[in-house]
$ cat coords-v5.cif   # mmCIF, C-alpha atoms
data_final
#
loop_
_atom_site.group_PDB
_atom_site.id
_atom_site.type_symbol
_atom_site.label_atom_id
_atom_site.label_comp_id
_atom_site.auth_asym_id
_atom_site.auth_seq_id
_atom_site.Cartn_x
_atom_site.Cartn_y
_atom_site.Cartn_z
ATOM 1 C CA MET O 596 28.792 8.804 -34.011
ATOM 2 C CA GLY O 597 25.530 8.128 -35.854
ATOM 3 C CA ALA O 598 22.125 7.989 -34.124
ATOM 4 C CA GLY O 599 21.848 4.260 -34.782
ATOM 5 C CA THR O 600 25.218 3.539 -33.173
ATOM 6 C CA ALA O 601 24.338 5.727 -30.166
ATOM 7 C CA GLY O 602 21.082 3.840 -29.742
ATOM 8 C CA LEU O 603 22.847 0.464 -29.831
ATOM 9 C CA LEU O 604 25.441 1.595 -27.293
ATOM 10 C CA ALA O 605 22.774 2.983 -24.974
ATOM 11 C CA GLY O 606 20.858 -0.264 -25.332
ATOM 12 C CA ALA O 607 23.965 -2.251 -24.404
ATOM 13 C CA ALA O 608 24.405 -0.072 -21.316
ATOM 14 C CA LEU O 609 20.783 -0.688 -20.416
ATOM 15 C CA ALA O 610 21.255 -4.432 -20.765
ATOM 16 C CA ALA O 611 24.286 -4.353 -18.487
ATOM 17 C CA LEU O 612 22.419 -2.373 -15.829
ATOM 18 C CA VAL O 613 19.375 -4.624 -15.960
ATOM 19 C CA THR O 614 21.526 -7.753 -15.712
ATOM 20 C CA ALA O 615 23.519 -6.356 -12.816
ATOM 21 C CA ALA O 616 20.352 -5.398 -10.957
ATOM 22 C CA GLY O 617 18.761 -8.778 -11.540
ATOM 23 C CA THR O 618 15.668 -7.353 -13.240
ATOM 24 C CA GLY O 619 15.921 -9.082 -16.604
ATOM 25 C CA ALA O 620 13.231 -11.668 -15.856
ATOM 26 C CA ALA O 621 9.600 -10.725 -16.248
ATOM 27 C CA GLY O 622 7.943 -9.899 -12.956
ATOM 28 C CA ALA O 623 11.247 -9.503 -11.073
ATOM 29 C CA PRO O 624 11.288 -6.749 -8.428
ATOM 30 C CA ALA O 625 12.881 -3.373 -9.022
ATOM 31 C CA PRO O 626 16.382 -2.887 -7.630
ATOM 32 C CA ALA O 627 16.801 -1.417 -4.179
ATOM 33 C CA ALA O 628 16.927 2.374 -4.266
ATOM 34 C CA ALA O 629 16.116 5.390 -2.169
ATOM 35 C CA PRO O 630 12.369 5.713 -1.526
ATOM 36 C CA VAL O 631 10.571 7.953 -3.974
ATOM 37 C CA THR O 632 8.966 11.172 -2.794
ATOM 38 C CA GLY O 633 5.863 10.315 -0.823
ATOM 39 C CA GLY O 634 6.852 6.689 -0.248
ATOM 40 C CA LEU O 635 6.715 3.576 -2.376
ATOM 41 C CA VAL O 636 3.576 2.825 -4.319
ATOM 42 C CA ALA O 637 0.882 0.894 -2.441
ATOM 43 C CA ALA O 638 -2.694 0.033 -3.283
ATOM 44 C CA PRO O 639 -4.659 3.279 -2.788
ATOM 45 C CA GLY O 640 -8.120 3.602 -1.284
ATOM 46 C CA GLY O 641 -10.733 1.388 -2.892
ATOM 47 C CA GLU O 642 -8.812 -1.881 -2.666
ATOM 48 C CA GLY O 643 -10.778 -4.933 -1.605
ATOM 49 C CA PRO O 644 -13.549 -7.069 -3.105
ATOM 50 C CA GLY O 645 -14.948 -4.126 -5.087
ATOM 51 C CA ALA O 646 -11.691 -3.061 -6.728
ATOM 52 C CA ARG O 647 -8.923 -4.426 -8.921
ATOM 53 C CA TRP O 648 -5.288 -3.403 -8.405
ATOM 54 C CA VAL O 649 -2.803 -3.755 -11.273
ATOM 55 C CA ARG O 650 0.649 -2.372 -11.954
ATOM 56 C CA ASP O 651 3.513 -2.634 -14.424
ATOM 57 C CA GLU O 652 7.106 -1.406 -14.520
ATOM 58 C CA ALA O 653 9.993 -1.038 -16.948
ATOM 59 C CA ARG O 654 13.303 0.687 -17.636
ATOM 60 C CA PHE O 655 13.526 3.272 -20.383
ATOM 61 C CA ALA O 656 15.476 2.418 -23.527
ATOM 62 C CA PRO O 657 16.161 4.642 -26.549
ATOM 63 C CA VAL O 658 14.630 4.090 -29.949
ATOM 64 C CA GLY O 659 16.578 1.341 -31.722
ATOM 65 C CA ALA O 660 18.127 0.007 -28.513
ATOM 66 C CA PHE O 661 19.663 -3.465 -28.578
ATOM 67 C CA VAL O 662 17.357 -4.406 -25.679
ATOM 68 C CA PRO O 663 13.834 -3.110 -26.458
ATOM 69 C CA SER O 664 11.501 -1.956 -23.708
ATOM 70 C CA LYS O 665 7.868 -0.972 -23.176
ATOM 71 C CA ALA O 666 9.297 2.332 -21.934
ATOM 72 C CA VAL O 667 10.945 4.480 -24.630
ATOM 73 C CA THR O 668 13.024 7.606 -24.057
ATOM 74 C CA TYR O 669 13.225 10.310 -26.706
ATOM 75 C CA ASP O 670 15.581 12.568 -24.706
ATOM 76 C CA LEU O 671 18.615 10.861 -23.128
ATOM 77 C CA ASP O 672 19.538 14.012 -21.218
ATOM 78 C CA LEU O 673 16.248 14.626 -19.377
ATOM 79 C CA LEU O 674 15.122 10.982 -19.370
ATOM 80 C CA PRO O 675 18.244 8.757 -19.352
ATOM 81 C CA ALA O 676 18.364 5.185 -20.596
ATOM 82 C CA ALA O 677 17.812 2.735 -17.715
ATOM 83 C CA ALA O 678 15.672 5.247 -15.767
ATOM 84 C CA TRP O 679 12.882 3.275 -14.092
ATOM 85 C CA ILE O 680 9.108 3.750 -14.081
ATOM 86 C CA ARG O 681 6.250 1.942 -12.397
ATOM 87 C CA VAL O 682 2.567 2.712 -12.934
ATOM 88 C CA GLY O 683 -0.152 1.266 -10.728
ATOM 89 C CA GLN O 684 -3.918 1.464 -11.094
ATOM 90 C CA ALA O 685 -6.755 0.686 -8.711
ATOM 91 C CA VAL O 686 -10.142 0.494 -10.417
ATOM 92 C CA SER O 687 -13.605 -0.045 -8.957
ATOM 93 C CA ARG O 688 -17.097 0.518 -10.299
ATOM 94 C CA SER O 689 -17.000 4.121 -9.081
ATOM 95 C CA GLU O 690 -13.354 5.214 -8.922
ATOM 96 C CA THR O 691 -10.013 4.999 -10.726
ATOM 97 C CA THR O 692 -6.677 5.829 -9.103
ATOM 98 C CA VAL O 693 -3.406 5.960 -11.044
ATOM 99 C CA VAL O 694 -0.025 6.101 -9.277
ATOM 100 C CA ALA O 695 3.231 6.773 -11.136
ATOM 101 C CA GLU O 696 6.754 6.404 -9.737
ATOM 102 C CA VAL O 697 10.065 7.173 -11.427
ATOM 103 C CA ARG O 698 13.754 6.875 -10.569
ATOM 104 C CA GLY O 699 16.913 7.910 -12.379
ATOM 105 C CA LEU O 700 15.691 11.194 -13.889
ATOM 106 C CA ARG O 701 17.406 14.571 -13.592
ATOM 107 C CA PRO O 702 17.361 15.608 -9.901
ATOM 108 C CA GLY O 703 15.267 18.549 -8.722
ATOM 109 C CA ARG O 704 13.368 19.002 -11.965
ATOM 110 C CA ALA O 705 9.671 19.430 -12.704
ATOM 111 C CA TYR O 706 8.173 17.001 -15.236
ATOM 112 C CA GLY O 707 4.712 16.696 -16.699
ATOM 113 C CA ALA O 708 2.967 13.367 -17.313
ATOM 114 C CA HIS O 709 -0.398 12.250 -18.655
ATOM 115 C CA VAL O 710 -2.258 9.103 -19.633
ATOM 116 C CA HIS O 711 -2.438 8.896 -23.448
ATOM 117 C CA THR O 712 -4.637 6.913 -25.826
ATOM 118 C CA GLY O 713 -1.961 5.273 -28.013
ATOM 119 C CA VAL O 714 0.832 2.797 -27.319
ATOM 120 C CA CYS O 715 4.436 3.971 -27.444
ATOM 121 C CA GLY O 716 6.458 3.849 -30.645
ATOM 122 C CA ALA O 717 9.606 5.150 -32.288
ATOM 123 C CA ASP O 718 7.730 8.365 -33.103
ATOM 124 C CA PRO O 719 6.774 10.329 -29.955
ATOM 125 C CA GLN O 720 3.406 11.062 -31.573
ATOM 126 C CA ALA O 721 2.548 7.345 -31.678
ATOM 127 C CA ALA O 722 0.982 7.714 -28.209
ATOM 128 C CA LYS O 723 -1.621 10.056 -29.743
ATOM 129 C CA GLY O 724 -3.414 12.523 -27.447
ATOM 130 C CA HIS O 725 -4.393 12.667 -23.792
ATOM 131 C CA TYR O 726 -7.100 10.321 -22.568
ATOM 132 C CA GLN O 727 -10.209 12.430 -21.887
ATOM 133 C CA ASN O 728 -13.280 11.387 -19.928
ATOM 134 C CA LYS O 729 -15.357 13.775 -22.036
ATOM 135 C CA VAL O 730 -13.734 13.846 -25.447
ATOM 136 C CA ASP O 731 -13.159 17.213 -27.079
ATOM 137 C CA PRO O 732 -14.937 17.146 -30.482
ATOM 138 C CA VAL O 733 -12.089 19.288 -31.859
ATOM 139 C CA GLN O 734 -8.809 17.403 -32.193
ATOM 140 C CA PRO O 735 -5.990 17.944 -31.384
ATOM 141 C CA SER O 736 -7.554 19.161 -28.154
ATOM 142 C CA THR O 737 -6.425 22.525 -26.759
ATOM 143 C CA ASP O 738 -9.634 23.759 -25.113
ATOM 144 C CA PRO O 739 -9.117 24.196 -21.334
ATOM 145 C CA ALA O 740 -12.668 22.945 -20.841
ATOM 146 C CA TYR O 741 -11.345 19.520 -21.876
ATOM 147 C CA VAL O 742 -7.583 19.782 -21.271
ATOM 148 C CA ASN O 743 -7.505 19.883 -17.476
ATOM 149 C CA PRO O 744 -6.661 17.528 -14.583
ATOM 150 C CA TYR O 745 -10.343 16.806 -13.895
ATOM 151 C CA ASN O 746 -11.157 15.545 -17.384
ATOM 152 C CA GLU O 747 -7.740 13.948 -18.001
ATOM 153 C CA VAL O 748 -5.222 11.998 -15.915
ATOM 154 C CA TRP O 749 -2.367 14.336 -15.009
ATOM 155 C CA LEU O 750 0.614 12.861 -13.159
ATOM 156 C CA ASP O 751 2.941 15.854 -12.899
ATOM 157 C CA PHE O 752 5.848 15.423 -10.462
ATOM 158 C CA THR O 753 9.093 17.037 -9.330
ATOM 159 C CA THR O 754 12.094 14.791 -8.751
ATOM 160 C CA ASP O 755 14.027 14.808 -5.500
ATOM 161 C CA ALA O 756 17.784 15.140 -5.047
ATOM 162 C CA GLU O 757 18.253 11.561 -6.273
ATOM 163 C CA GLY O 758 16.080 11.905 -9.372
ATOM 164 C CA ALA O 759 13.036 10.088 -7.991
ATOM 165 C CA GLY O 760 9.433 11.251 -8.128
ATOM 166 C CA ARG O 761 5.867 10.129 -7.508
ATOM 167 C CA ALA O 762 2.398 11.304 -8.518
ATOM 168 C CA VAL O 763 -1.180 10.187 -7.829
ATOM 169 C CA ALA O 764 -4.389 10.993 -9.721
ATOM 170 C CA ARG O 765 -7.830 9.875 -8.539
ATOM 171 C CA HIS O 766 -11.079 10.217 -10.506
ATOM 172 C CA SER O 767 -14.722 9.249 -10.044
ATOM 173 C CA TRP O 768 -14.756 7.859 -13.602
ATOM 174 C CA GLY O 769 -12.951 5.012 -15.314
ATOM 175 C CA PHE O 770 -11.242 4.374 -18.632
ATOM 176 C CA ARG O 771 -13.263 3.231 -21.598
ATOM 177 C CA PRO O 772 -12.086 -0.241 -22.714
ATOM 178 C CA GLY O 773 -9.039 -0.045 -24.982
ATOM 179 C CA GLU O 774 -8.791 3.759 -24.967
ATOM 180 C CA ALA O 775 -6.058 4.326 -22.338
ATOM 181 C CA ALA O 776 -2.750 2.827 -23.410
ATOM 182 C CA SER O 777 0.302 4.698 -22.101
ATOM 183 C CA VAL O 778 1.851 7.299 -19.820
ATOM 184 C CA VAL O 779 3.853 10.020 -21.558
ATOM 185 C CA ILE O 780 6.419 12.101 -19.666
ATOM 186 C CA HIS O 781 6.726 15.728 -20.815
ATOM 187 C CA ASP O 782 9.397 18.381 -20.355
ATOM 188 C CA GLN O 783 7.036 20.730 -18.531
ATOM 189 C CA GLN O 784 4.048 20.491 -16.228
ATOM 190 C CA GLY O 785 0.505 21.349 -17.204
ATOM 191 C CA GLY O 786 -1.448 20.401 -20.276
ATOM 192 C CA ALA O 787 1.321 20.343 -22.896
ATOM 193 C CA GLY O 788 5.082 20.108 -23.385
ATOM 194 C CA ALA O 789 7.578 18.183 -25.495
ATOM 195 C CA ARG O 790 7.424 14.383 -25.149
ATOM 196 C CA LEU O 791 10.494 13.043 -23.375
ATOM 197 C CA GLY O 792 9.438 9.418 -23.031
ATOM 198 C CA CYS O 793 6.553 6.983 -23.136
ATOM 199 C CA PHE O 794 5.568 3.846 -21.195
ATOM 200 C CA SER O 795 2.932 1.467 -22.636
ATOM 201 C CA VAL O 796 0.622 0.411 -19.783
ATOM 202 C CA PRO O 797 -2.119 -2.284 -19.726
ATOM 203 C CA PHE O 798 -4.775 -0.080 -18.121
ATOM 204 C CA VAL O 799 -8.057 -1.698 -17.081
ATOM 205 C CA SER O 800 -11.629 -0.392 -17.101
ATOM 206 C CA PRO O 801 -14.459 -0.396 -14.526
ATOM 207 C CA GLY O 802 -15.910 -3.464 -16.236
ATOM 208 C CA ASP O 803 -12.765 -5.348 -15.163
ATOM 209 C CA ALA O 804 -13.364 -4.605 -11.474
ATOM 210 C CA PRO O 805 -14.864 -7.361 -9.316
ATOM 211 C CA GLY O 806 -18.574 -7.004 -8.660
ATOM 212 C CA ARG O 807 -19.562 -5.814 -5.214
ATOM 213 C CA SER O 808 -21.190 -8.367 -2.933
#
$ encode --input "coords-v5.cif" --output "structure tokens"
Amino acid sequence: MGAGTAGLLAGAALAALVTAAGTGAAGAPAPAAAPVTGGLVAAPGGEGPGARWVRDEARFAPVGAFVPSKAVTYDLDLLPAAAWIRVGQAVSRSETTVVAEVRGLRPGRAYGAHVHTGVCGADPQAAKGHYQNKVDPVQPSTDPAYVNPYNEVWLDFTTDAEGAGRAVARHSWGFRPGEAASVVIHDQQGGAGARLGCFSVPFVSPGDAPGRS
């Protein structure tokens, strides 16, 4: 079976699952499932008149799938088609919190995840590099002074027995407008690893947060 045919078949399977779960319409809730590790996502600290809370969700589809998605899987074994992801963000003038939840991945496995600067595409490299608060002048960035969870948004997680996971990252800085565009899931935790999948996310910046009274 060719790669194109496999992609179309996986896309058809995704469409059937989405239809059965009732999630085909934009803004529809995710299907009922076991709670993710740490509980379901909720607005973290900082919510209120001085913060803005946004979130988006999708199901992963392979490249060339009959039903396209904002979430693309590049490895159907470690990140199956129809696996689910939701990313939430709370942003204020002084703090940014990012929460990631996943379901339907391989159970009991460690995954890495980071916020990246490019939107997802057919090529895993389309998401470009990690978002950095202080940008490494040498690119691609490998210097631990820049590639670390304090200067970047790391969302590493380990799935439970049902393939669900959750991660939270909180920083005292916010994203520069238009420079944070996706969450990439990697095959290992830490600062690197092969790219298993990508989810394009409409991140917001501190300038989008309501002014404090």
$ closest_residue --input "coords-v5.cif" --among "O:Gly785, O:Asn728, O:Ala666, O:Gly760" --to "Cys715 in chain O" --atoms "all atoms listed in the file"
O:Ala666
$ atom_distance --input "coords-v5.cif" --atom1 "CA of Val778 in chain O" --atom2 "CA of Val748 in chain O"
9.3 Å
$ resolve_selection --input "coords-v5.cif" --expression "the PyMOL selection byres ((chain O and resi 804) around 6)" --output "short mmCIF file (atom, residue, chain, number, x, y, z; two decimals) with C-alpha atoms, in the frame of the given file"
data_model
loop_
_atom_site.label_atom_id
_atom_site.label_comp_id
_atom_site.auth_asym_id
_atom_site.auth_seq_id
_atom_site.Cartn_x
_atom_site.Cartn_y
_atom_site.Cartn_z
CA ALA O 646 -11.69 -3.06 -6.73
CA ARG O 647 -8.92 -4.43 -8.92
CA SER O 687 -13.60 -0.04 -8.96
CA PRO O 801 -14.46 -0.40 -14.53
CA GLY O 802 -15.91 -3.46 -16.24
CA ASP O 803 -12.76 -5.35 -15.16
CA PRO O 805 -14.86 -7.36 -9.32
#
$ atom_distance --input "coords-v5.cif" --atom1 "CA of Gly792 in chain O" --atom2 "CA of Glu690 in chain O"
27.1 Å
$ resolve_selection --input "coords-v5.cif" --expression "the PyMOL selection byres ((chain O and resi 754) around 9)" --output "PyMOL selection string"
chain O and resi 631-632+697-698+700-706+752-753+755-761
$ atom_distance --input "coords-v5.cif" --atom1 "CA of Lys665 in chain O" --atom2 "CA of Ser795 in chain O"
5.5 Å
$ resolve_selection --input "coords-v5.cif" --expression "the PyMOL selection byres ((chain O and resi 770) around 9)" --output "ChimeraX atom specification"
/O:691,726-728,768-769,771-775,798-801
$ closest_residue --input "coords-v5.cif" --among "O:Gly786, O:Ala721, O:Phe655, O:Glu696" --to "Leu673 in chain O" --atoms "all atoms listed in the file"
O:Phe655
$ residues_near_point --input "coords-v5.cif" --point "(16.5, 4.7, -21.0)" --cutoff "6 Å" --atoms "only C-alpha atoms" --output "PyMOL selection string"
chain O and resi 655-657+668+675-678
$ residues_around --input "coords-v5.cif" --residues "Val710 in chain O" --least-positions-apart "4" --cutoff "12 Å" --atoms "all atoms listed in the file" --output "VMD selection string"
chain O and resid 682 684 692 to 695 714 to 715 722 to 728 744 746 to 751 763 to 764 770 774 to 781 786 793 to 798
$ closest_residue --input "coords-v5.cif" --among "O:Arg688, O:Thr712, O:Ala787, O:Val658" --to "Thr737 in chain O" --atoms "only C-alpha atoms"
O:Ala787
